$ cat work20.json   # JSON, C-alpha atoms
[["chain", "number", "residue", "atom", "x", "y", "z"],
["A", 1, "MET", "CA", 110.30, 62.76, 118.23],
["A", 2, "GLU", "CA", 111.98, 59.46, 119.02],
["A", 3, "ALA", "CA", 114.22, 57.99, 116.29],
["A", 4, "PRO", "CA", 113.00, 54.71, 114.78],
["A", 5, "ALA", "CA", 114.46, 51.64, 116.47],
["A", 6, "LEU", "CA", 117.18, 49.77, 114.62],
["A", 7, "ARG", "CA", 117.79, 46.17, 115.68],
["A", 8, "GLY", "CA", 119.36, 43.06, 114.22],
["A", 9, "ILE", "CA", 118.51, 39.37, 114.47],
["A", 10, "VAL", "CA", 121.56, 37.18, 113.81],
["A", 11, "LEU", "CA", 120.83, 33.53, 113.06],
["A", 12, "ALA", "CA", 123.40, 31.20, 114.60],
["A", 13, "GLY", "CA", 121.51, 28.01, 115.33],
["A", 14, "GLY", "CA", 122.01, 25.63, 112.42],
["A", 15, "ARG", "CA", 123.50, 22.14, 112.60],
["A", 16, "SER", "CA", 126.41, 22.96, 110.22],
["A", 17, "SER", "CA", 126.01, 19.47, 108.76],
["A", 18, "ARG", "CA", 128.09, 20.29, 105.66],
["A", 19, "LEU", "CA", 130.97, 21.14, 108.01],
["A", 20, "GLY", "CA", 130.74, 17.99, 110.07],
["A", 21, "GLY", "CA", 128.83, 19.78, 112.83],
["A", 22, "ARG", "CA", 131.49, 22.45, 113.37],
["A", 23, "HIS", "CA", 129.61, 25.55, 114.57],
["A", 24, "LYS", "CA", 130.06, 27.98, 111.66],
["A", 25, "PRO", "CA", 129.41, 31.28, 113.47],
["A", 26, "ALA", "CA", 132.18, 30.54, 115.99],
["A", 27, "ILE", "CA", 134.83, 29.92, 113.31],
["A", 28, "GLU", "CA", 137.45, 32.64, 113.47],
["A", 29, "VAL", "CA", 138.18, 34.79, 110.43],
["A", 30, "GLY", "CA", 140.90, 37.37, 110.94],
["A", 31, "GLY", "CA", 141.18, 36.35, 114.59],
["A", 32, "GLU", "CA", 137.51, 37.01, 115.37],
["A", 33, "PRO", "CA", 134.51, 34.64, 115.40],
["A", 34, "ILE", "CA", 132.28, 35.21, 112.37],
["A", 35, "VAL", "CA", 129.24, 35.91, 114.56],
["A", 36, "ALA", "CA", 131.23, 38.56, 116.43],
["A", 37, "ARG", "CA", 132.10, 40.20, 113.10],
["A", 38, "VAL", "CA", 128.38, 40.32, 112.18],
["A", 39, "VAL", "CA", 127.54, 41.79, 115.59],
["A", 40, "ARG", "CA", 130.30, 44.39, 115.18],
["A", 41, "ALA", "CA", 128.85, 45.46, 111.80],
["A", 42, "LEU", "CA", 125.42, 45.89, 113.43],
["A", 43, "ARG", "CA", 126.82, 47.87, 116.34],
["A", 44, "ALA", "CA", 128.70, 50.13, 113.91],
["A", 45, "ILE", "CA", 125.33, 51.40, 112.66],
["A", 46, "ASP", "CA", 123.90, 51.58, 116.20],
["A", 47, "ALA", "CA", 121.68, 48.54, 115.70],
["A", 48, "GLU", "CA", 120.88, 46.50, 118.82],
["A", 49, "PRO", "CA", 121.71, 42.84, 118.08],
["A", 50, "VAL", "CA", 120.12, 39.65, 119.35],
["A", 51, "VAL", "CA", 121.65, 36.30, 118.40],
["A", 52, "VAL", "CA", 119.43, 33.25, 117.98],
["A", 53, "GLY", "CA", 121.16, 29.92, 118.52],
["A", 54, "ASP", "CA", 124.42, 28.75, 120.03],
["A", 55, "PRO", "CA", 126.20, 31.36, 122.18],
["A", 56, "ALA", "CA", 129.71, 30.23, 121.10],
["A", 57, "GLY", "CA", 131.64, 33.19, 119.73],
["A", 58, "VAL", "CA", 128.97, 35.75, 120.67],
["A", 59, "PRO", "CA", 130.46, 38.89, 122.26],
["A", 60, "ALA", "CA", 129.72, 39.59, 125.92],
["A", 61, "GLY", "CA", 126.63, 41.70, 126.52],
["A", 62, "VAL", "CA", 124.73, 40.50, 123.45],
["A", 63, "ALA", "CA", 121.38, 38.81, 124.11],
["A", 64, "VAL", "CA", 121.26, 35.18, 122.99],
["A", 65, "VAL", "CA", 118.01, 33.24, 122.67],
["A", 66, "ARG", "CA", 117.13, 29.87, 121.21],
["A", 67, "GLU", "CA", 114.45, 28.90, 118.73],
["A", 68, "GLU", "CA", 111.98, 26.34, 120.06],
["A", 69, "PRO", "CA", 112.68, 23.55, 119.52],
["A", 70, "PRO", "CA", 116.38, 23.92, 118.70],
["A", 71, "PHE", "CA", 117.24, 23.40, 115.01],
["A", 72, "ALA", "CA", 113.66, 24.22, 113.95],
["A", 73, "GLY", "CA", 114.95, 26.31, 111.05],
["A", 74, "PRO", "CA", 115.56, 29.93, 110.14],
["A", 75, "LEU", "CA", 111.91, 30.97, 110.23],
["A", 76, "ALA", "CA", 111.60, 29.70, 113.81],
["A", 77, "ALA", "CA", 114.83, 31.53, 114.63],
["A", 78, "ILE", "CA", 113.48, 34.81, 113.26],
["A", 79, "ALA", "CA", 110.30, 34.34, 115.32],
["A", 80, "ALA", "CA", 112.41, 33.69, 118.44],
["A", 81, "GLY", "CA", 114.50, 36.78, 117.73],
["A", 82, "LEU", "CA", 111.39, 38.92, 117.38],
["A", 83, "GLY", "CA", 110.09, 37.46, 120.63],
["A", 84, "ALA", "CA", 113.23, 38.69, 122.38],
["A", 85, "LEU", "CA", 112.76, 42.26, 121.12],
["A", 86, "PRO", "CA", 110.05, 44.49, 122.57],
["A", 87, "PRO", "CA", 107.87, 45.76, 119.71],
["A", 88, "ALA", "CA", 109.03, 49.10, 118.33],
["A", 89, "ASP", "CA", 108.54, 51.33, 115.34],
["A", 90, "GLY", "CA", 111.64, 50.78, 113.25],
["A", 91, "VAL", "CA", 113.72, 48.39, 111.19],
["A", 92, "VAL", "CA", 114.96, 44.87, 111.92],
["A", 93, "LEU", "CA", 117.96, 43.53, 110.02],
["A", 94, "VAL", "CA", 117.95, 39.74, 109.55],
["A", 95, "LEU", "CA", 121.42, 38.28, 109.04],
["A", 96, "GLY", "CA", 123.08, 34.90, 108.83],
["A", 97, "GLY", "CA", 125.66, 34.36, 111.54],
["A", 98, "ASP", "CA", 128.11, 32.93, 109.00],
["A", 99, "MET", "CA", 128.78, 36.05, 106.90],
["A", 100, "PRO", "CA", 132.26, 37.26, 107.87],
["A", 101, "PHE", "CA", 132.50, 40.19, 105.46],
["A", 102, "VAL", "CA", 129.14, 41.94, 105.71],
["A", 103, "THR", "CA", 129.87, 45.65, 106.16],
["A", 104, "PRO", "CA", 128.23, 48.44, 108.11],
["A", 105, "ASP", "CA", 127.76, 50.30, 104.83],
["A", 106, "ALA", "CA", 125.80, 47.38, 103.35],
["A", 107, "LEU", "CA", 123.61, 47.20, 106.47],
["A", 108, "ARG", "CA", 123.07, 50.96, 106.41],
["A", 109, "ARG", "CA", 121.92, 50.78, 102.76],
["A", 110, "LEU", "CA", 119.49, 47.96, 103.53],
["A", 111, "ALA", "CA", 118.12, 49.66, 106.65],
["A", 112, "SER", "CA", 117.58, 52.99, 104.91],
["A", 113, "ALA", "CA", 115.51, 51.28, 102.19],
["A", 114, "ALA", "CA", 113.37, 49.20, 104.55],
["A", 115, "PRO", "CA", 110.88, 51.57, 106.24],
["A", 116, "GLY", "CA", 107.42, 50.47, 105.13],
["A", 117, "ALA", "CA", 108.80, 47.48, 103.22],
["A", 118, "VAL", "CA", 111.50, 44.83, 103.06],
["A", 119, "ALA", "CA", 114.92, 45.36, 101.50],
["A", 120, "LEU", "CA", 116.81, 42.30, 100.31],
["A", 121, "ALA", "CA", 120.46, 42.08, 99.41],
["A", 122, "VAL", "CA", 120.97, 40.72, 95.89],
["A", 123, "ASP", "CA", 124.20, 39.10, 94.79],
["A", 124, "PRO", "CA", 125.85, 39.88, 91.42],
["A", 125, "SER", "CA", 124.07, 36.93, 89.79],
["A", 126, "GLY", "CA", 120.70, 38.49, 90.72],
["A", 127, "ARG", "CA", 119.88, 35.99, 93.46],
["A", 128, "ASP", "CA", 118.01, 37.28, 96.54],
["A", 129, "GLN", "CA", 119.76, 36.86, 99.89],
["A", 130, "PRO", "CA", 116.98, 36.62, 102.49],
["A", 131, "LEU", "CA", 119.54, 36.23, 105.29],
["A", 132, "CYS", "CA", 120.93, 39.65, 104.50],
["A", 133, "ALA", "CA", 117.78, 41.74, 104.63],
["A", 134, "ALA", "CA", 116.13, 44.62, 106.43],
["A", 135, "TRP", "CA", 112.47, 44.64, 107.35],
["A", 136, "ASP", "CA", 110.12, 47.32, 108.51],
["A", 137, "GLU", "CA", 109.42, 45.80, 111.93],
["A", 138, "ARG", "CA", 105.64, 46.06, 111.61],
["A", 139, "VAL", "CA", 105.77, 44.23, 108.26],
["A", 140, "LEU", "CA", 108.01, 41.49, 109.66],
["A", 141, "ARG", "CA", 105.91, 40.95, 112.80],
["A", 142, "ALA", "CA", 102.68, 40.85, 110.77],
["A", 143, "ARG", "CA", 104.17, 38.38, 108.30],
["A", 144, "VAL", "CA", 105.47, 36.06, 111.01],
["A", 145, "ALA", "CA", 102.08, 36.19, 112.78],
["A", 146, "VAL", "CA", 100.21, 35.28, 109.59],
["A", 147, "LEU", "CA", 102.44, 32.25, 109.03],
["A", 148, "GLY", "CA", 101.53, 30.70, 112.37],
["A", 149, "ASP", "CA", 103.78, 27.91, 113.64],
["A", 150, "PRO", "CA", 107.22, 28.66, 112.13],
["A", 151, "ARG", "CA", 108.84, 25.32, 112.96],
["A", 152, "ASP", "CA", 110.53, 23.66, 109.98],
["A", 153, "ARG", "CA", 108.94, 26.09, 107.52],
["A", 154, "PRO", "CA", 111.06, 27.27, 104.59],
["A", 155, "LEU", "CA", 112.42, 30.79, 104.77],
["A", 156, "ARG", "CA", 110.82, 31.60, 101.41],
["A", 157, "ALA", "CA", 107.41, 31.40, 103.14],
["A", 158, "LEU", "CA", 108.29, 34.69, 104.80],
["A", 159, "LEU", "CA", 108.69, 36.40, 101.45],
["A", 160, "GLU", "CA", 105.93, 34.76, 99.41],
["A", 161, "THR", "CA", 103.19, 37.32, 99.98],
["A", 162, "VAL", "CA", 105.21, 40.36, 100.93],
["A", 163, "GLY", "CA", 104.74, 42.03, 97.54],
["A", 164, "ASP", "CA", 107.52, 43.96, 95.92],
["A", 165, "ALA", "CA", 110.68, 43.83, 97.96],
["A", 166, "ILE", "CA", 113.30, 46.48, 97.40],
["A", 167, "ARG", "CA", 116.44, 44.83, 96.08],
["A", 168, "ILE", "CA", 119.85, 46.24, 96.98],
["A", 169, "PRO", "CA", 122.76, 44.91, 94.88],
["A", 170, "LEU", "CA", 125.80, 44.08, 97.01],
["A", 171, "PRO", "CA", 129.24, 42.71, 96.08],
["A", 172, "ALA", "CA", 129.66, 38.95, 96.26],
["A", 173, "ALA", "CA", 132.50, 39.33, 98.77],
["A", 174, "GLU", "CA", 130.22, 41.08, 101.28],
["A", 175, "LEU", "CA", 127.62, 38.35, 100.93],
["A", 176, "ALA", "CA", 130.05, 35.43, 101.24],
["A", 177, "ASP", "CA", 128.98, 32.86, 103.80],
["A", 178, "VAL", "CA", 130.54, 29.70, 105.17],
["A", 179, "ASP", "CA", 128.82, 26.41, 104.43],
["A", 180, "THR", "CA", 131.55, 23.97, 103.42],
["A", 181, "SER", "CA", 135.23, 23.19, 103.82],
["A", 182, "GLU", "CA", 135.73, 24.67, 100.36],
["A", 183, "ASP", "CA", 134.26, 27.97, 101.57],
["A", 184, "LEU", "CA", 136.75, 27.96, 104.43],
["A", 185, "ARG", "CA", 139.66, 27.33, 102.05],
["A", 186, "ARG", "CA", 138.46, 30.14, 99.80],
["A", 187, "LEU", "CA", 138.46, 32.46, 102.82],
["A", 188, "GLY", "CA", 141.91, 31.25, 103.87],
["A", 189, "VAL", "CA", 140.62, 29.70, 107.09],
["A", 190, "ALA", "CA", 142.08, 26.43, 108.36],
["A", 191, "ASP", "CA", 139.47, 23.67, 108.34],
["A", 192, "GLN", "CA", 139.49, 21.80, 111.64],
["A", 193, "THR", "CA", 136.56, 19.57, 110.77],
["A", 194, "PRO", "CA", 137.23, 15.98, 111.96],
["A", 195, "GLY", "CA", 138.60, 13.86, 109.14],
["A", 196, "SER", "CA", 139.68, 16.79, 106.99]]

$ encode --input "work20.json" --output "structure tokens"
Amino acid sequence: MEAPALRGIVLAGGRSSRLGGRHKPAIEVGGEPIVARVVRALRAIDAEPVVVGDPAGVPAGVAVVREEPPFAGPLAAIAAGLGALPPADGVVLVLGGDMPFVTPDALRRLASAAPGAVALAVDPSGRDQPLCAAWDERVLRARVAVLGDPRDRPLRALLETVGDAIRIPLPAAELADVDTSEDLRRLGVADQTPGS
């Protein structure tokens, strides 16, 4: 019997407006672009990655697609990522491309909880992290289809009628993302945003 497919959709297509347009996933942390670190975590659990958005910083050999139109939001990016993956029976991890410290262990925990459902990472304050989640692929495809046109729709629309998601508590450090110059300073990364 064939093992269930394990794939990952990495969202890397935002405008990075709070960083003056600097492409967050391509920022280097520890000498490696953040998006490459996310891809490496996926590959460590044998998940096939596809990146949606800007190809800057994406490792060679990883499929890159674009949501249509560009900058149409995370829901459109997830739909584009699904469109790039042939349907399979398995799990799809959905990850932000600006999370430098997400670990293979965290992804493994999410993926193992997802069959038949959706597993969301939860930070120590109890807040859901929909861009660190694992979906049963059939559930995700059905949900995206029901929503219709995904352009400029809020990500919460994907979760509104899913029912009870499984919540997996993860350390704040593993869920850290980069949105602002302050986030970069906290991570010890030099901010090269114009005017900083």

$ atom_distance --input "work20.json" --atom1 "atom CA of Leu170 of chain A" --atom2 "atom CA of Asp123 of chain A"
5.7 Å

$ closest_residue --input "work20.json" --among "A:Gly90, A:Gly126, A:Gly31, A:Pro59" --to "Ala113 of chain A" --atoms "only C-alpha atoms"
A:Gly90

$ residues_around --input "work20.json" --residues "Glu137 of chain A" --least-positions-apart "5" --cutoff "8 Å" --atoms "only C-alpha atoms" --output "compact mmCIF listing (two decimals) with C-alpha atoms, in the coordinates of the input"
# COMPACT_ATOMS: atom_id res chain seq x y z
CA PRO A 87 107.87 45.76 119.71
CA ALA A 88 109.03 49.10 118.33
CA ASP A 89 108.54 51.33 115.34
CA GLY A 90 111.64 50.78 113.25
CA VAL A 91 113.72 48.39 111.19
CA VAL A 92 114.96 44.87 111.92

$ closest_residue --input "work20.json" --among "A:Ala165, A:Ala134, A:Val58, A:Arg153" --to "Arg108 of chain A" --atoms "only C-alpha atoms"
A:Ala134

$ atom_distance --input "work20.json" --atom1 "atom CA of Ser112 of chain A" --atom2 "atom CA of Asp177 of chain A"
23.2 Å

$ atom_distance --input "work20.json" --atom1 "atom CA of Leu75 of chain A" --atom2 "atom CA of Asp98 of chain A"
16.4 Å

$ closest_residue --input "work20.json" --among "A:Ala26, A:Val178, A:Ala36, A:Ala173" --to "Asp54 of chain A" --atoms "all atoms listed in the file"
A:Ala26

$ closest_residue --input "work20.json" --among "A:Pro104, A:Pro69, A:Gly96, A:Pro86" --to "Asp149 of chain A" --atoms "all atoms listed in the file"
A:Pro69
